[in-house]
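Peer 1: Provided herewith is a single structure, encoded as structure tokens, for subsequent inquiry.
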Amino acid sequence: MAQNLPSPWRWRRFGGCAALGASFAAIASWGQAAEAQLPGAQALLEPEPAISIQSGPGEVESSSARLQTGLRGPSSRGAVIAAIHVRDGSDDRVTKGGKPHAGIVQLFNLQPGDVYGPAKAQADLAQATALSTSGQATLTLEPAAEPDQVVMVVTVDKPNAFFYGFGNLPRPTALPGPVRPSTVRTASNRARGIAIRAYAGFDHLGGNNQRLTLGAVGGANALGAELDFRQFYDNGSGYGVNFENRRGVEPEFDGGEVEVDTPGGDDPWVHRLGGGAEYFRPLAPDLEAALGVSYQRVSVRDDVFTSDIVPSDELGNALTVSDSGQDDLLTVNFSGNFDRRNDPQLPTQGFRLLFGMDQSIPIGDADILFNRLSANYSHYIPLDLFGFTAGPRTLALNLQGGTIIGDAPPYESFSLGGSSSVRGYSLGELGTGKSYLQATAEYRFPAFSFNALRQDVDVGGTLFFDYATDLGTGDDVIGEPAEARDKPGEGFGYGLGIRAVTSVGVFRAEFGISDEGESQFTFSIGDRF
């Protein structure tokens, strides 16, 4: 009977993991669309989906694309995976253990001996292609020798040489940079105001699994660029090096009840120049990590293009650790991503844990010594409270926190408030602390759907509640920027929003009210967690 398996469904996703840059407050990622055809037939297995995903350097962590087939995954009816083969789409060669793409198999949760599940296979292929340079990969089922077994065949096409996109580069990465994801988005190294992040590069250079990327950020209060090189190995591991130059008006020196400028009456601009190297690898199919070392020369100035260094503000508060206004910051960086969500792009159940550690090594006049720990946990629960049309109803919960042991430079502390923190407050308006805790509960429900430009758009609503506190550590930060600006240090916000799920991303419009009675309207692209 197994020899008469029907032709599989064709379930395809194009465009890679490109990310779409932001308006007003948030930047996330974009880019995947899908199509499906259903020949239909019956046999031992229902027609299994053939899943096709094109890899790319877009950030999976904040990705907002989804598979838009609308089909429910068919049951495997107890079929056991006998083997997993990798086939080169250019010449139909089957690879079982060597080059060119065998490393994809090692990144799968499903392994020979397991019962096949289409949802797990979809998630495995999405993760595997995101961690490799294997291009577009298609998963199909073929009959095995035993009637109750199947062979999973991954067909890999030749990757695209050139790519581009908007948003952040993908995990895993531990290095800082203008287009790098961070463990927590409360880090003070983000500029305020409207900014757009974009990148472009060449993949699979010389056929040697190498990637070269140039990223840039630009906006009213931000300007920066980053050059990144990565070498990938067959098991999904690899190393990377980067060079960055960025500058911006950061939230630790803005917001609050009191405006504090430089002695010349301008906003403080934080300039960062440096680079680093890292090694990354998957530790398990759902666990990846990166370890690196980075150097930054950090200075504060009164404009984006100026050589004048400003060591203190108009009130005499220190803006840097050293008296010269220029710090040398050398850190060992570690980050991890433990992901068990059912869908990396639009999760409705499961969880993800991000964790990070940065250990500084004292050098230069600043002689900075600290250890910064941070963690970010998100949990998704199907919850049918209400909705106005068919679609998932999900309770999304997020708990995150961090602390700095030792010196706390203001530009490395935690800034609270904004679309990625407490909505109802603007970015950094709530506080800047040496430690913090933050919690969010958000209910997502469907509202209606429509078609525009031959694309389906699913519109839903959100109800949210955010809370954050600096745990009374605002005055422990060097220069006490939160105390000087009279930031409250603790607060909550609540409100409602609209989510439009399109082929190019999740568009969010949210109205938040703070506990102080002030309100903020934000428009952003991509889910916040």
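By convention here, the chains of the structure tokens are called A, B, ... in the order presented, each chain's residues are numbered starting at 1, and ligands are numbered starting at 1 in the order presented.
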Can you pull out every residue within 12 Å of Gln349 of chain A, counting only C-alpha atoms, but drop anything in the same chain fewer than 5 positions away, and send it as a list in words?
Peer 2: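 In the requested format, the answer is Asp339, Arg340, Arg341, Asn342, Asp343, Pro344, Ser378, His379, Tyr380, Ile381, Pro382, Leu383, Pro392, Arg393, Thr394, Leu395, Ala396 and Leu397 of chain A.
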Peer 1: Can you list, as a VMD selection string, every residue of segment 295-380 of chain A that DSSP puts in strand (DSSP E)?
Peer 2: chain A and resid 295 to 301 326 to 339 350 to 361 370 to 380
Peer 1: When distances are computed from only C-alpha atoms, which of A:Leu110, A:Leu329, A:Leu315, A:Val459 shows the smallest separation from Glu412 of chain A?
Peer 2: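 Checking each candidate against Glu412 of chain A, we get A:Leu329 as the closest.
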Peer 1: Nearest to Ser294 of chain A among A:Val332, A:Met152, A:Val258, A:Ala79, with distances taken over only C-alpha atoms: which residue is it?
Peer 2: A:Val332
Peer 1: Tell me, as an MDAnalysis selection string, which residues lie within 7 Å of Phe388 of chain A, counting only C-alpha atoms; anything in the same chain fewer than 5 positions away does not count.
Peer 2: chainID A and resid 446:448
Peer 1: Taking a cut-off of 12 Å and counting only C-alpha atoms, can you build a table that, for each residue of segment 246-363 of chain A near segment 484-498 of chain A, reports the nearest atom pair and how far apart they are in Å (one decimal), sorted by chain then residue number, as CSV?
Peer 2:
residue,atom,partner,partner_atom,distance
A:Pro251,CA,A:Arg485,CA,11.3
A:Glu252,CA,A:Arg485,CA,9.5
A:Phe253,CA,A:Arg485,CA,8.4
A:Asp254,CA,A:Arg485,CA,7.9
A:Gly255,CA,A:Arg485,CA,7.1
A:Gly256,CA,A:Lys487,CA,4.7
A:Glu257,CA,A:Asp486,CA,5.5
A:Val258,CA,A:Arg485,CA,4.5
A:Glu259,CA,A:Arg485,CA,6.2
A:Val260,CA,A:Arg485,CA,6.6
A:Asp261,CA,A:Arg485,CA,10.1
A:Asp313,CA,A:Ala484,CA,10.0
A:Glu314,CA,A:Ala484,CA,10.6
A:Leu315,CA,A:Ala484,CA,8.4
A:Gly316,CA,A:Ala484,CA,10.2
A:Asn317,CA,A:Ala484,CA,8.1
A:Ala318,CA,A:Ala484,CA,10.9
A:Leu319,CA,A:Ala484,CA,11.7
Peer 1: Keeping only C-alpha atoms, write the selected residues to a file as an mmCIF file, in the first residue's frame.
Peer 2:
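Listed below is the output, selection.cif:
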data_model
loop_
_atom_site.group_PDB
_atom_site.id
_atom_site.type_symbol
_atom_site.label_atom_id
_atom_site.label_comp_id
_atom_site.auth_asym_id
_atom_site.auth_seq_id
_atom_site.Cartn_x
_atom_site.Cartn_y
_atom_site.Cartn_z
ATOM 1 C CA PRO A 251 16.633 56.957 25.301
ATOM 2 C CA GLU A 252 18.806 57.095 28.427
ATOM 3 C CA PHE A 253 19.531 60.752 27.647
ATOM 4 C CA ASP A 254 16.021 61.703 26.574
ATOM 5 C CA GLY A 255 12.453 61.626 27.901
ATOM 6 C CA GLY A 256 11.209 62.349 31.398
ATOM 7 C CA GLU A 257 9.633 65.398 32.987
ATOM 8 C CA VAL A 258 12.837 67.476 32.830
ATOM 9 C CA GLU A 259 14.745 68.114 29.619
ATOM 10 C CA VAL A 260 18.503 67.929 30.120
ATOM 11 C CA ASP A 261 20.796 68.787 27.204
ATOM 12 C CA ASP A 313 25.507 67.405 30.527
ATOM 13 C CA GLU A 314 24.450 70.978 31.322
ATOM 14 C CA LEU A 315 23.879 70.023 34.979
ATOM 15 C CA GLY A 316 27.336 68.490 35.344
ATOM 16 C CA ASN A 317 26.153 64.867 35.315
ATOM 17 C CA ALA A 318 28.581 62.414 33.722
ATOM 18 C CA LEU A 319 27.616 61.079 30.292
#
Peer 1: With only C-alpha atoms as the counted atoms, please give the residues lying no more than 7 Å from Val506 of chain A, apart from itself and same-chain residues fewer than 2 positions off, as a PDB file with N, CA, C and O atoms, in the first residue's frame.
Peer 2:
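This went into result-v4.pdb:
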ATOM      1  N   SER A  64       7.505  38.572  10.973  1.00  0.00           N
ATOM      2  CA  SER A  64       6.065  38.744  11.029  1.00  0.00           C
ATOM      3  C   SER A  64       5.364  38.138   9.841  1.00  0.00           C
ATOM      4  O   SER A  64       4.189  38.372   9.640  1.00  0.00           O
ATOM      5  N   ALA A  65       6.099  37.354   9.009  1.00  0.00           N
ATOM      6  CA  ALA A  65       5.437  36.698   7.892  1.00  0.00           C
ATOM      7  C   ALA A  65       4.833  35.382   8.351  1.00  0.00           C
ATOM      8  O   ALA A  65       5.080  34.915   9.429  1.00  0.00           O
ATOM      9  N   ARG A 499      -4.138  44.666  14.412  1.00  0.00           N
ATOM     10  CA  ARG A 499      -3.053  43.947  13.746  1.00  0.00           C
ATOM     11  C   ARG A 499      -3.523  43.545  12.352  1.00  0.00           C
ATOM     12  O   ARG A 499      -4.551  42.882  12.212  1.00  0.00           O
ATOM     13  N   ALA A 500      -2.761  43.923  11.338  1.00  0.00           N
ATOM     14  CA  ALA A 500      -3.042  43.504   9.972  1.00  0.00           C
ATOM     15  C   ALA A 500      -1.930  42.563   9.531  1.00  0.00           C
ATOM     16  O   ALA A 500      -0.774  42.979   9.417  1.00  0.00           O
ATOM     17  N   VAL A 501      -2.296  41.311   9.298  1.00  0.00           N
ATOM     18  CA  VAL A 501      -1.325  40.290   8.923  1.00  0.00           C
ATOM     19  C   VAL A 501      -1.311  40.178   7.403  1.00  0.00           C
ATOM     20  O   VAL A 501      -2.305  39.763   6.796  1.00  0.00           O
ATOM     21  N   THR A 502      -0.201  40.572   6.786  1.00  0.00           N
ATOM     22  CA  THR A 502      -0.075  40.572   5.339  1.00  0.00           C
ATOM     23  C   THR A 502       1.108  39.704   4.931  1.00  0.00           C
ATOM     24  O   THR A 502       1.859  39.198   5.770  1.00  0.00           O
ATOM     25  N   ARG A 508       1.011  46.968  13.004  1.00  0.00           N
ATOM     26  CA  ARG A 508       0.318  47.212  14.256  1.00  0.00           C
ATOM     27  C   ARG A 508       0.067  48.703  14.455  1.00  0.00           C
ATOM     28  O   ARG A 508       0.956  49.524  14.278  1.00  0.00           O
ATOM     29  N   ILE A 525       5.764  47.853  12.777  1.00  0.00           N
ATOM     30  CA  ILE A 525       5.740  46.704  11.884  1.00  0.00           C
ATOM     31  C   ILE A 525       6.402  45.536  12.590  1.00  0.00           C
ATOM     32  O   ILE A 525       7.539  45.643  13.041  1.00  0.00           O
ATOM     33  N   GLY A 526       5.684  44.428  12.694  1.00  0.00           N
ATOM     34  CA  GLY A 526       6.200  43.254  13.379  1.00  0.00           C
ATOM     35  C   GLY A 526       5.688  43.160  14.798  1.00  0.00           C
ATOM     36  O   GLY A 526       5.485  44.177  15.477  1.00  0.00           O
ATOM     37  N   ASP A 527       5.466  41.924  15.266  1.00  0.00           N
ATOM     38  CA  ASP A 527       5.049  41.729  16.646  1.00  0.00           C
ATOM     39  C   ASP A 527       6.183  42.052  17.599  1.00  0.00           C
ATOM     40  O   ASP A 527       7.364  41.890  17.272  1.00  0.00           O
TER      41      ASP A 527
END
Peer 1: Considering only C-alpha atoms, return as an MDAnalysis selection string whatever protein or nucleic-acid residues lie within 7 Å of Ala174 of chain A, sequence-local ones (same chain, fewer than 5 positions apart) excluded.
Peer 2: chainID A and resid 290:292 333:335
Peer 1: Select, from A:Asp328, A:Glu442, A:Asp286, A:Asp475, the residue with the minimum atom-to-atom distance to His271 of chain A, counting only C-alpha atoms.
Peer 2: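 The answer is A:Asp328, which sits nearest to His271 of chain A.
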Peer 1: Between A:Val304, A:Leu139, A:Leu416, A:Val249, which has the minimum distance to Pro118 of chain A (counting only C-alpha atoms)?
Peer 2: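 With only C-alpha atoms as the atom set, the closest residue is A:Leu139.
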Peer 1: Excluding Phe202 of chain A and its own-chain neighbours fewer than 4 positions away, which residues fall within 6 Å of it when counting only C-alpha atoms? Please give them as a PyMOL selection string.
Peer 2: chain A and resi 161-162+211-212
Peer 1: Mind pulling up the distance from atom CA of Ser413 of chain A to atom CA of Arg372 of chain A?
Peer 2: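 So the two atoms, atom CA of Arg372 of chain A and atom CA of Ser413 of chain A, lie 9.0 Å apart.
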Peer 1: Given only C-alpha atoms as the basis, pick out the residue of A:Thr389, A:Ser420, A:Asn245, A:Thr462 nearest to Gly177 of chain A.
Peer 2: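 Ranking A:Thr389, A:Ser420, A:Asn245, A:Thr462 by distance to Gly177 of chain A, first place goes to A:Asn245.
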Peer 1: Have a look at atom CA of Ala509 of chain A and atom CA of Arg180 of chain A and let me know their distance in Å, one decimal.
Peer 2: 24.2 Å
Peer 1: Calculate how many Å separate atom CA of Tyr199 of chain A from atom CA of Asn168 of chain A, rounding to one decimal.
Peer 2: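 Those two atoms sit 8.2 Å apart.
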